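Chemist: Please find target39.cif (mmCIF, N, CA and C atoms) on the next line:
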```cif
data_final
loop_
_atom_site.label_atom_id
_atom_site.label_comp_id
_atom_site.auth_asym_id
_atom_site.auth_seq_id
_atom_site.Cartn_x
_atom_site.Cartn_y
_atom_site.Cartn_z
N MET A 1 -25.28 46.22 13.01
CA MET A 1 -24.65 46.86 14.14
C MET A 1 -23.26 47.34 13.73
N SER A 2 -22.87 48.51 14.21
CA SER A 2 -21.55 49.05 13.92
C SER A 2 -20.49 48.26 14.65
N PRO A 3 -19.28 48.19 14.08
CA PRO A 3 -18.20 47.51 14.78
C PRO A 3 -17.83 48.27 16.05
N ARG A 4 -17.32 47.53 17.02
CA ARG A 4 -16.92 48.15 18.28
C ARG A 4 -15.68 49.01 18.05
N ARG A 5 -15.69 50.21 18.61
CA ARG A 5 -14.56 51.12 18.52
C ARG A 5 -13.63 50.81 19.69
N THR A 6 -12.52 50.18 19.40
CA THR A 6 -11.66 49.66 20.45
C THR A 6 -10.83 50.72 21.14
N ASP A 7 -10.73 51.92 20.59
CA ASP A 7 -9.89 52.94 21.19
C ASP A 7 -10.67 54.20 21.58
N GLU A 8 -11.97 54.13 21.53
CA GLU A 8 -12.78 55.30 21.83
C GLU A 8 -13.60 55.10 23.09
N HIS A 9 -13.87 56.21 23.77
CA HIS A 9 -14.63 56.18 25.01
C HIS A 9 -15.91 56.98 24.81
N ALA A 10 -16.92 56.68 25.64
CA ALA A 10 -18.19 57.39 25.58
C ALA A 10 -18.65 57.73 26.99
N LEU A 11 -19.43 58.80 27.08
CA LEU A 11 -20.08 59.21 28.32
C LEU A 11 -21.57 59.22 28.03
N VAL A 12 -22.34 58.45 28.83
CA VAL A 12 -23.77 58.33 28.61
C VAL A 12 -24.52 59.00 29.76
N LEU A 13 -25.43 59.90 29.41
CA LEU A 13 -26.32 60.49 30.39
C LEU A 13 -27.31 59.40 30.80
N PHE A 14 -27.18 58.92 32.03
CA PHE A 14 -27.91 57.74 32.49
C PHE A 14 -28.78 58.10 33.67
N SER A 15 -30.09 58.17 33.44
CA SER A 15 -31.03 58.51 34.51
C SER A 15 -31.46 57.28 35.30
N GLY A 16 -31.34 56.11 34.69
CA GLY A 16 -31.85 54.89 35.29
C GLY A 16 -33.18 54.47 34.71
N GLY A 17 -33.69 55.27 33.78
CA GLY A 17 -34.94 54.94 33.12
C GLY A 17 -34.72 54.07 31.90
N GLN A 18 -35.81 53.69 31.28
CA GLN A 18 -35.76 52.77 30.14
C GLN A 18 -34.98 53.35 28.96
N ASP A 19 -35.24 54.59 28.60
CA ASP A 19 -34.58 55.18 27.44
C ASP A 19 -33.07 55.28 27.62
N SER A 20 -32.63 55.76 28.78
CA SER A 20 -31.19 55.91 28.97
C SER A 20 -30.50 54.55 29.13
N THR A 21 -31.22 53.54 29.62
CA THR A 21 -30.65 52.20 29.70
C THR A 21 -30.41 51.64 28.30
N VAL A 22 -31.34 51.88 27.39
CA VAL A 22 -31.15 51.45 25.99
C VAL A 22 -29.95 52.17 25.38
N CYS A 23 -29.83 53.48 25.65
CA CYS A 23 -28.68 54.23 25.13
C CYS A 23 -27.36 53.69 25.69
N LEU A 24 -27.37 53.31 26.95
CA LEU A 24 -26.17 52.74 27.57
C LEU A 24 -25.81 51.42 26.91
N ALA A 25 -26.79 50.56 26.68
CA ALA A 25 -26.52 49.28 26.01
C ALA A 25 -25.97 49.52 24.61
N TRP A 26 -26.53 50.49 23.90
CA TRP A 26 -26.05 50.83 22.55
C TRP A 26 -24.57 51.22 22.60
N ALA A 27 -24.21 52.07 23.57
CA ALA A 27 -22.83 52.52 23.70
C ALA A 27 -21.90 51.38 24.09
N LEU A 28 -22.36 50.50 24.99
CA LEU A 28 -21.52 49.38 25.42
C LEU A 28 -21.21 48.41 24.29
N GLN A 29 -22.10 48.33 23.32
CA GLN A 29 -21.85 47.48 22.16
C GLN A 29 -20.81 48.08 21.23
N ARG A 30 -20.57 49.38 21.32
CA ARG A 30 -19.77 50.07 20.32
C ARG A 30 -18.46 50.68 20.82
N TYR A 31 -18.34 50.92 22.11
CA TYR A 31 -17.18 51.65 22.61
C TYR A 31 -16.37 50.80 23.58
N ALA A 32 -15.07 51.09 23.62
CA ALA A 32 -14.15 50.34 24.47
C ALA A 32 -14.39 50.63 25.94
N ARG A 33 -14.80 51.83 26.25
CA ARG A 33 -15.00 52.24 27.65
C ARG A 33 -16.18 53.20 27.69
N VAL A 34 -17.10 52.95 28.60
CA VAL A 34 -18.29 53.79 28.73
C VAL A 34 -18.47 54.16 30.20
N GLU A 35 -18.54 55.45 30.47
CA GLU A 35 -18.85 55.93 31.81
C GLU A 35 -20.25 56.53 31.78
N THR A 36 -20.88 56.57 32.95
CA THR A 36 -22.23 57.10 33.05
C THR A 36 -22.26 58.30 33.98
N VAL A 37 -23.20 59.20 33.72
CA VAL A 37 -23.39 60.37 34.57
C VAL A 37 -24.88 60.59 34.75
N GLY A 38 -25.26 60.91 35.97
CA GLY A 38 -26.64 61.23 36.29
C GLY A 38 -26.68 62.49 37.13
N PHE A 39 -27.83 63.13 37.15
CA PHE A 39 -27.98 64.39 37.87
C PHE A 39 -29.09 64.27 38.91
N ASP A 40 -28.76 64.63 40.13
CA ASP A 40 -29.74 64.68 41.21
C ASP A 40 -30.12 66.15 41.37
N TYR A 41 -31.30 66.49 40.88
CA TYR A 41 -31.76 67.87 40.97
C TYR A 41 -32.96 68.00 41.91
N GLY A 42 -33.12 67.00 42.79
CA GLY A 42 -34.20 67.03 43.75
C GLY A 42 -35.52 66.57 43.14
N GLN A 43 -35.45 65.61 42.24
CA GLN A 43 -36.64 65.09 41.58
C GLN A 43 -37.68 64.67 42.60
N ARG A 44 -38.93 64.96 42.30
CA ARG A 44 -40.01 64.52 43.20
C ARG A 44 -40.11 63.00 43.19
N HIS A 45 -39.92 62.42 42.05
CA HIS A 45 -39.97 60.96 41.92
C HIS A 45 -38.57 60.48 41.55
N ALA A 46 -37.79 60.16 42.55
CA ALA A 46 -36.40 59.78 42.35
C ALA A 46 -36.24 58.28 42.16
N VAL A 47 -37.29 57.60 41.70
CA VAL A 47 -37.26 56.15 41.54
C VAL A 47 -36.16 55.74 40.55
N GLU A 48 -36.09 56.44 39.42
CA GLU A 48 -35.07 56.10 38.42
C GLU A 48 -33.68 56.31 38.98
N LEU A 49 -33.47 57.42 39.67
CA LEU A 49 -32.16 57.71 40.24
C LEU A 49 -31.75 56.61 41.22
N ALA A 50 -32.68 56.14 42.01
CA ALA A 50 -32.39 55.07 42.97
C ALA A 50 -32.14 53.73 42.27
N ALA A 51 -32.71 53.55 41.09
CA ALA A 51 -32.56 52.29 40.36
C ALA A 51 -31.22 52.18 39.62
N ARG A 52 -30.55 53.28 39.43
CA ARG A 52 -29.32 53.28 38.63
C ARG A 52 -28.30 52.22 39.06
N PRO A 53 -27.91 52.15 40.34
CA PRO A 53 -26.91 51.15 40.74
C PRO A 53 -27.38 49.71 40.47
N ARG A 54 -28.67 49.45 40.70
CA ARG A 54 -29.18 48.09 40.47
C ARG A 54 -29.15 47.75 38.98
N ILE A 55 -29.46 48.69 38.13
CA ILE A 55 -29.44 48.45 36.69
C ILE A 55 -28.01 48.22 36.22
N LEU A 56 -27.07 49.02 36.71
CA LEU A 56 -25.67 48.84 36.32
C LEU A 56 -25.16 47.46 36.76
N ASP A 57 -25.50 47.05 37.98
CA ASP A 57 -25.10 45.71 38.45
C ASP A 57 -25.73 44.62 37.60
N ALA A 58 -27.01 44.78 37.25
CA ALA A 58 -27.69 43.78 36.41
C ALA A 58 -27.06 43.70 35.03
N LEU A 59 -26.66 44.84 34.47
CA LEU A 59 -26.00 44.81 33.16
C LEU A 59 -24.67 44.06 33.24
N ARG A 60 -23.93 44.29 34.31
CA ARG A 60 -22.64 43.59 34.47
C ARG A 60 -22.83 42.08 34.58
N ARG A 61 -23.88 41.65 35.32
CA ARG A 61 -24.14 40.21 35.50
C ARG A 61 -24.71 39.58 34.23
N THR A 62 -25.68 40.25 33.60
CA THR A 62 -26.38 39.68 32.46
C THR A 62 -25.54 39.69 31.20
N PHE A 63 -24.69 40.69 31.07
CA PHE A 63 -23.84 40.84 29.88
C PHE A 63 -22.39 40.93 30.33
N PRO A 64 -21.79 39.82 30.74
CA PRO A 64 -20.43 39.86 31.30
C PRO A 64 -19.39 40.41 30.32
N GLN A 65 -19.67 40.35 29.02
CA GLN A 65 -18.73 40.91 28.05
C GLN A 65 -18.69 42.43 28.14
N TRP A 66 -19.71 43.05 28.71
CA TRP A 66 -19.75 44.51 28.88
C TRP A 66 -19.08 44.96 30.17
N ALA A 67 -18.99 44.09 31.16
CA ALA A 67 -18.50 44.47 32.48
C ALA A 67 -17.15 45.19 32.43
N PRO A 68 -16.16 44.70 31.67
CA PRO A 68 -14.88 45.40 31.67
C PRO A 68 -14.93 46.76 30.98
N ARG A 69 -15.93 46.98 30.15
CA ARG A 69 -16.05 48.24 29.42
C ARG A 69 -16.86 49.28 30.19
N LEU A 70 -17.62 48.83 31.17
CA LEU A 70 -18.47 49.74 31.93
C LEU A 70 -17.64 50.41 33.01
N GLY A 71 -17.34 51.67 32.80
CA GLY A 71 -16.48 52.42 33.71
C GLY A 71 -17.23 53.03 34.87
N ALA A 72 -16.68 54.08 35.39
CA ALA A 72 -17.22 54.74 36.58
C ALA A 72 -18.60 55.33 36.32
N ASP A 73 -19.38 55.36 37.39
CA ASP A 73 -20.69 55.98 37.38
C ASP A 73 -20.61 57.23 38.24
N HIS A 74 -21.03 58.35 37.69
CA HIS A 74 -20.96 59.64 38.38
C HIS A 74 -22.37 60.16 38.62
N VAL A 75 -22.65 60.63 39.81
CA VAL A 75 -23.91 61.30 40.12
C VAL A 75 -23.56 62.69 40.62
N LEU A 76 -24.06 63.70 39.94
CA LEU A 76 -23.79 65.08 40.30
C LEU A 76 -25.00 65.68 41.00
N ASP A 77 -24.77 66.20 42.17
CA ASP A 77 -25.83 66.83 42.95
C ASP A 77 -25.92 68.29 42.49
N ILE A 78 -27.00 68.60 41.79
CA ILE A 78 -27.18 69.97 41.30
C ILE A 78 -28.41 70.63 41.94
N ARG A 79 -28.82 70.12 43.10
CA ARG A 79 -29.99 70.69 43.78
C ARG A 79 -29.80 72.16 44.12
N SER A 80 -28.58 72.57 44.36
CA SER A 80 -28.34 73.97 44.73
C SER A 80 -28.46 74.92 43.55
N PHE A 81 -28.53 74.40 42.32
CA PHE A 81 -28.66 75.27 41.15
C PHE A 81 -29.96 76.07 41.20
N GLY A 82 -30.99 75.54 41.84
CA GLY A 82 -32.26 76.23 41.95
C GLY A 82 -32.15 77.56 42.69
N ALA A 83 -31.14 77.70 43.52
CA ALA A 83 -30.95 78.93 44.27
C ALA A 83 -30.43 80.08 43.39
N LEU A 84 -30.01 79.76 42.18
CA LEU A 84 -29.45 80.78 41.31
C LEU A 84 -30.50 81.70 40.71
N GLY A 85 -31.75 81.28 40.70
CA GLY A 85 -32.79 82.11 40.13
C GLY A 85 -34.05 81.31 39.91
N ASP A 86 -35.01 81.92 39.23
CA ASP A 86 -36.25 81.24 38.92
C ASP A 86 -35.98 80.05 38.02
N THR A 87 -36.60 78.93 38.34
CA THR A 87 -36.38 77.71 37.58
C THR A 87 -37.62 76.83 37.66
N ALA A 88 -37.74 75.94 36.71
CA ALA A 88 -38.83 74.97 36.73
C ALA A 88 -38.50 73.77 37.61
N MET A 89 -37.23 73.69 38.08
CA MET A 89 -36.83 72.57 38.92
C MET A 89 -37.49 72.69 40.27
N PRO A 90 -37.94 71.55 40.82
CA PRO A 90 -38.53 71.59 42.17
C PRO A 90 -37.48 71.92 43.20
N THR A 91 -37.89 72.59 44.23
CA THR A 91 -36.96 72.87 45.33
C THR A 91 -37.26 71.93 46.49
N ALA A 92 -36.21 71.61 47.21
CA ALA A 92 -36.36 70.66 48.32
C ALA A 92 -36.99 71.31 49.52
#
```
Please re-express this file's structure in C-alpha coordinates.
Modeler:
Amino acid sequence: MSPRRTDEHALVLFSGGQDSTVCLAWALQRYARVETVGFDYGQRHAVELAARPRILDALRRTFPQWAPRLGADHVLDIRSFGALGDTAMPTA
(Lines of atoms letter the chains of each structure in order from A and count residues from 1; the text may use other names and numbers.)
(Lines give C-alpha, C1' and ligand atoms only; values in the text may rest on other atoms or scores of the structure.)
Protein backbone atom coordinates (compact mmCIF):
# COMPACT_ATOMS: atom_id res chain seq x y z
CA MET A 1 0.00 0.00 0.00
CA SER A 2 1.21 3.51 -0.80
CA PRO A 3 1.96 5.84 2.10
CA ARG A 4 -0.76 8.30 3.01
CA ARG A 5 -0.35 11.71 1.37
CA THR A 6 -0.77 14.03 4.32
CA ASP A 7 -1.09 17.26 2.32
CA GLU A 8 -3.10 16.16 -0.69
CA HIS A 9 -6.83 16.03 -1.29
CA ALA A 10 -8.93 13.82 -3.56
CA LEU A 11 -12.37 13.96 -5.12
CA VAL A 12 -14.05 10.58 -5.70
CA LEU A 13 -16.93 10.03 -8.08
CA PHE A 14 -19.17 8.10 -5.69
CA SER A 15 -22.36 6.50 -7.01
CA GLY A 16 -23.00 4.38 -3.92
CA GLY A 17 -22.28 1.17 -5.77
CA GLN A 18 -19.67 -1.45 -5.01
CA ASP A 19 -17.01 -0.20 -7.43
CA SER A 20 -17.11 3.43 -6.33
CA THR A 21 -17.14 2.38 -2.65
CA VAL A 22 -13.90 0.46 -3.23
CA CYS A 23 -12.42 3.52 -4.96
CA LEU A 24 -13.45 5.67 -2.00
CA ALA A 25 -11.79 3.29 0.47
CA TRP A 26 -8.64 3.32 -1.67
CA ALA A 27 -8.56 7.13 -1.60
CA LEU A 28 -9.24 7.30 2.15
CA GLN A 29 -6.21 5.12 2.78
CA ARG A 30 -3.98 7.46 0.79
CA TYR A 31 -5.19 11.06 1.04
CA ALA A 32 -5.49 13.54 3.88
CA ARG A 33 -8.94 14.73 2.77
CA VAL A 34 -11.42 13.05 0.44
CA GLU A 35 -14.69 14.55 -0.79
CA THR A 36 -17.31 12.68 -2.78
CA VAL A 37 -19.52 13.71 -5.67
CA GLY A 38 -22.49 11.96 -7.20
CA PHE A 39 -24.82 12.81 -10.06
CA ASP A 40 -28.60 12.54 -10.06
CA TYR A 41 -29.56 12.26 -13.71
CA GLY A 42 -32.97 10.72 -13.13
CA GLN A 43 -31.78 7.12 -12.97
CA ARG A 44 -34.55 4.57 -13.33
CA HIS A 45 -32.97 2.55 -10.53
CA ALA A 46 -31.79 5.10 -8.00
CA VAL A 47 -31.00 2.45 -5.36
CA GLU A 48 -27.28 3.26 -5.35
CA LEU A 49 -27.93 6.99 -5.13
CA ALA A 50 -30.20 6.43 -2.14
CA ALA A 51 -27.60 4.18 -0.49
CA ARG A 52 -24.82 6.79 -0.60
CA PRO A 53 -25.52 8.45 2.80
CA ARG A 54 -25.86 5.07 4.54
CA ILE A 55 -22.57 3.84 3.07
CA LEU A 56 -20.76 7.03 4.08
CA ASP A 57 -22.11 6.72 7.63
CA ALA A 58 -21.10 3.04 7.77
CA LEU A 59 -17.58 3.89 6.60
CA ARG A 60 -17.26 6.52 9.34
CA ARG A 61 -18.43 4.04 12.01
CA THR A 62 -16.53 0.98 10.77
CA PHE A 63 -13.29 2.81 10.01
CA PRO A 64 -13.08 5.63 12.58
CA GLN A 65 -9.56 6.50 11.41
CA TRP A 66 -11.12 7.59 8.08
CA ALA A 67 -13.88 9.74 9.60
CA PRO A 68 -11.77 12.91 9.96
CA ARG A 69 -10.53 12.55 6.38
CA LEU A 70 -13.95 12.03 4.83
CA GLY A 71 -15.05 15.48 3.74
CA ALA A 72 -18.21 16.85 2.22
CA ASP A 73 -20.49 14.79 0.02
CA HIS A 74 -21.91 16.58 -3.03
CA VAL A 75 -24.87 15.45 -5.14
CA LEU A 76 -25.40 17.37 -8.36
CA ASP A 77 -28.83 17.32 -9.95
CA ILE A 78 -28.23 17.13 -13.69
CA ARG A 79 -31.69 15.92 -14.72
CA SER A 80 -32.26 19.11 -16.70
CA PHE A 81 -29.28 18.32 -18.97
CA GLY A 82 -31.57 16.03 -20.98
CA ALA A 83 -33.44 19.09 -22.20
CA LEU A 84 -30.35 20.27 -24.07
CA GLY A 85 -30.78 17.75 -26.86
CA ASP A 86 -30.99 14.10 -27.76
CA THR A 87 -29.44 11.93 -25.09
CA ALA A 88 -29.36 8.37 -23.87
CA MET A 89 -30.27 9.60 -20.37
CA PRO A 90 -33.79 8.75 -19.26
CA THR A 91 -36.17 11.64 -18.89
CA ALA A 92 -38.40 12.05 -15.88
Chemist: For the file shown, report as an MDAnalysis selection string the outcome of the PyMOL selection byres ((chain A and resi 36-52) around 7) at residue level.
Modeler: chainID A and resid 10:17 34:35 53:57 70:80 89:92
Chemist: Rounded to one decimal place, report the atom CA of Thr21 of chain A-atom N of Phe63 of chain A distance in Å.
Modeler: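 Those two atoms sit 13.0 Å apart.
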Chemist: Please measure the separation of atom C of Val22 of chain A and atom N of Phe81 of chain A, giving the value in Å to one decimal.
Modeler: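 Taking atom C of Val22 of chain A and atom N of Phe81 of chain A, their separation equals 28.0 Å.
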Chemist: Point out the residue among A:Asp7, A:Ala25, A:Asp19, A:Tyr31 with the least atom-to-atom distance to Ala58 of chain A, counting only C-alpha atoms.
Modeler: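 Looking at the shortest contact to Ala58 of chain A, the residue is A:Ala25.
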Chemist: As a list in words, which residues of chain A does DSSP assign to strand (DSSP E or B)?
Modeler: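 In chain A, DSSP puts these residues in strand (DSSP E or B): Arg5, Thr6, Asp7, Glu8, His9, Ala10, Leu11, Val12, Leu13, Tyr31, Ala32, Arg33, Val34, Glu35, Thr36, Val37, Gly38, Phe39, Asp40, Leu70, Gly71, Ala72, Asp73, His74, Val75, Leu76 and Asp77 of chain A.
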Chemist: Reconstruct N, CA, C and O atoms of segment 44-65 of chain A; output as a CSV table (one decimal), in the frame of the given file.
Modeler:
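New file selection35.csv:
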```
chain,number,residue,atom,x,y,z
A,44,ARG,N,-38.9,65.0,42.3
A,44,ARG,CA,-40.0,64.5,43.2
A,44,ARG,C,-40.1,63.0,43.2
A,44,ARG,O,-40.4,62.4,44.2
A,45,HIS,N,-39.9,62.4,42.0
A,45,HIS,CA,-40.0,61.0,41.9
A,45,HIS,C,-38.6,60.5,41.6
A,45,HIS,O,-38.2,60.4,40.4
A,46,ALA,N,-37.8,60.2,42.6
A,46,ALA,CA,-36.4,59.8,42.4
A,46,ALA,C,-36.2,58.3,42.2
A,46,ALA,O,-35.2,57.7,42.4
A,47,VAL,N,-37.3,57.6,41.7
A,47,VAL,CA,-37.3,56.2,41.5
A,47,VAL,C,-36.2,55.7,40.6
A,47,VAL,O,-35.4,54.8,40.8
A,48,GLU,N,-36.1,56.4,39.4
A,48,GLU,CA,-35.1,56.1,38.4
A,48,GLU,C,-33.7,56.3,39.0
A,48,GLU,O,-32.8,55.5,38.8
A,49,LEU,N,-33.5,57.4,39.7
A,49,LEU,CA,-32.2,57.7,40.2
A,49,LEU,C,-31.8,56.6,41.2
A,49,LEU,O,-30.6,56.2,41.2
A,50,ALA,N,-32.7,56.1,42.0
A,50,ALA,CA,-32.4,55.1,43.0
A,50,ALA,C,-32.1,53.7,42.3
A,50,ALA,O,-31.4,52.9,42.8
A,51,ALA,N,-32.7,53.6,41.1
A,51,ALA,CA,-32.6,52.3,40.4
A,51,ALA,C,-31.2,52.2,39.6
A,51,ALA,O,-30.8,51.1,39.3
A,52,ARG,N,-30.6,53.3,39.4
A,52,ARG,CA,-29.3,53.3,38.6
A,52,ARG,C,-28.3,52.2,39.1
A,52,ARG,O,-27.8,51.5,38.2
A,53,PRO,N,-27.9,52.2,40.3
A,53,PRO,CA,-26.9,51.2,40.7
A,53,PRO,C,-27.4,49.7,40.5
A,53,PRO,O,-26.6,48.9,40.1
A,54,ARG,N,-28.7,49.4,40.7
A,54,ARG,CA,-29.2,48.1,40.5
A,54,ARG,C,-29.2,47.8,39.0
A,54,ARG,O,-28.8,46.6,38.6
A,55,ILE,N,-29.5,48.7,38.1
A,55,ILE,CA,-29.4,48.4,36.7
A,55,ILE,C,-28.0,48.2,36.2
A,55,ILE,O,-27.7,47.3,35.4
A,56,LEU,N,-27.1,49.0,36.7
A,56,LEU,CA,-25.7,48.8,36.3
A,56,LEU,C,-25.2,47.5,36.8
A,56,LEU,O,-24.5,46.8,36.0
A,57,ASP,N,-25.5,47.0,38.0
A,57,ASP,CA,-25.1,45.7,38.4
A,57,ASP,C,-25.7,44.6,37.6
A,57,ASP,O,-25.1,43.6,37.3
A,58,ALA,N,-27.0,44.8,37.2
A,58,ALA,CA,-27.7,43.8,36.4
A,58,ALA,C,-27.1,43.7,35.0
A,58,ALA,O,-26.9,42.6,34.5
A,59,LEU,N,-26.7,44.8,34.5
A,59,LEU,CA,-26.0,44.8,33.2
A,59,LEU,C,-24.7,44.1,33.2
A,59,LEU,O,-24.3,43.3,32.3
A,60,ARG,N,-23.9,44.3,34.3
A,60,ARG,CA,-22.6,43.6,34.5
A,60,ARG,C,-22.8,42.1,34.6
A,60,ARG,O,-22.1,41.3,34.0
A,61,ARG,N,-23.9,41.6,35.3
A,61,ARG,CA,-24.1,40.2,35.5
A,61,ARG,C,-24.7,39.6,34.2
A,61,ARG,O,-24.3,38.5,33.8
A,62,THR,N,-25.7,40.2,33.6
A,62,THR,CA,-26.4,39.7,32.5
A,62,THR,C,-25.5,39.7,31.2
A,62,THR,O,-25.7,38.8,30.4
A,63,PHE,N,-24.7,40.7,31.1
A,63,PHE,CA,-23.8,40.8,29.9
A,63,PHE,C,-22.4,40.9,30.3
A,63,PHE,O,-21.8,42.0,30.3
A,64,PRO,N,-21.8,39.8,30.7
A,64,PRO,CA,-20.4,39.9,31.3
A,64,PRO,C,-19.4,40.4,30.3
A,64,PRO,O,-18.4,40.9,30.8
A,65,GLN,N,-19.7,40.4,29.0
A,65,GLN,CA,-18.7,40.9,28.0
A,65,GLN,C,-18.7,42.4,28.1
A,65,GLN,O,-17.7,43.1,27.7
```
